[in-house]
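Below: one structure, written as structure tokens.
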Amino acid sequence: MTRRKFTREFKIEAVRLVTERAVAVAQAARDLDLAESVLRRWMRELTTAPAAAFLGNGQMRADLAEIAALKKEVARLRAERDILKKAAPTPSPGPMTTTKASARISRWPIACPIAARSALTASRRGARCPRTAPN
């Protein structure tokens, strides 16, 4: 058994039979050899969007086409995000801590003679770079 296809004009006339001529949905469905649910769906489609009703041939309504396009874009963006997540460098396993001595050393100029010597012991003694120390 093949699926029956109805033209847009037939669907509109079937709905008009029920709405304008006051024929019961059940009676109109029997006369036209249709299921009541099909006729009621046609009525609902025609009343909600008369211009976009019964486009046929696989054409979508504008809002459904937009939703489908947005779903495709979301899928594409998720795939891009997943690729970028995989390519991102992983952080080192240990926490990075900064000591007070290393913080003080990083403020000294590189040309400082004290920084060239053992800066860690110099900072423990409280020594300052002679170029930056106040007189």
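As shown in the structure tokens, the chain order sets the letters A, B, ...; within each chain, residues go from 1, and ligands are also counted from 1 in the order they appear.
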
If we count only C-alpha atoms and set the cut-off at 9 Å, which residues sit around A:Met43, ignoring sequence neighbours fewer than 2 positions away in its own chain? Please answer as JSON, numbers by chain.
{"A": [11, 12, 14, 15, 16, 18, 19, 38, 39, 40, 41, 45, 46, 47, 48]}

re atom CA of A:Val23 and atom CA of A:Ala35: distance 15.1 Å

Between atom CA of A:Leu64 and atom CA of A:Arg3, what is the spacing in Å?
23.8 Å

Enter the distance from atom CA of A:Glu20 to atom CA of A:Leu32, in Å, rounded to one decimal.
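Interatomic distance here is 16.2 Å.
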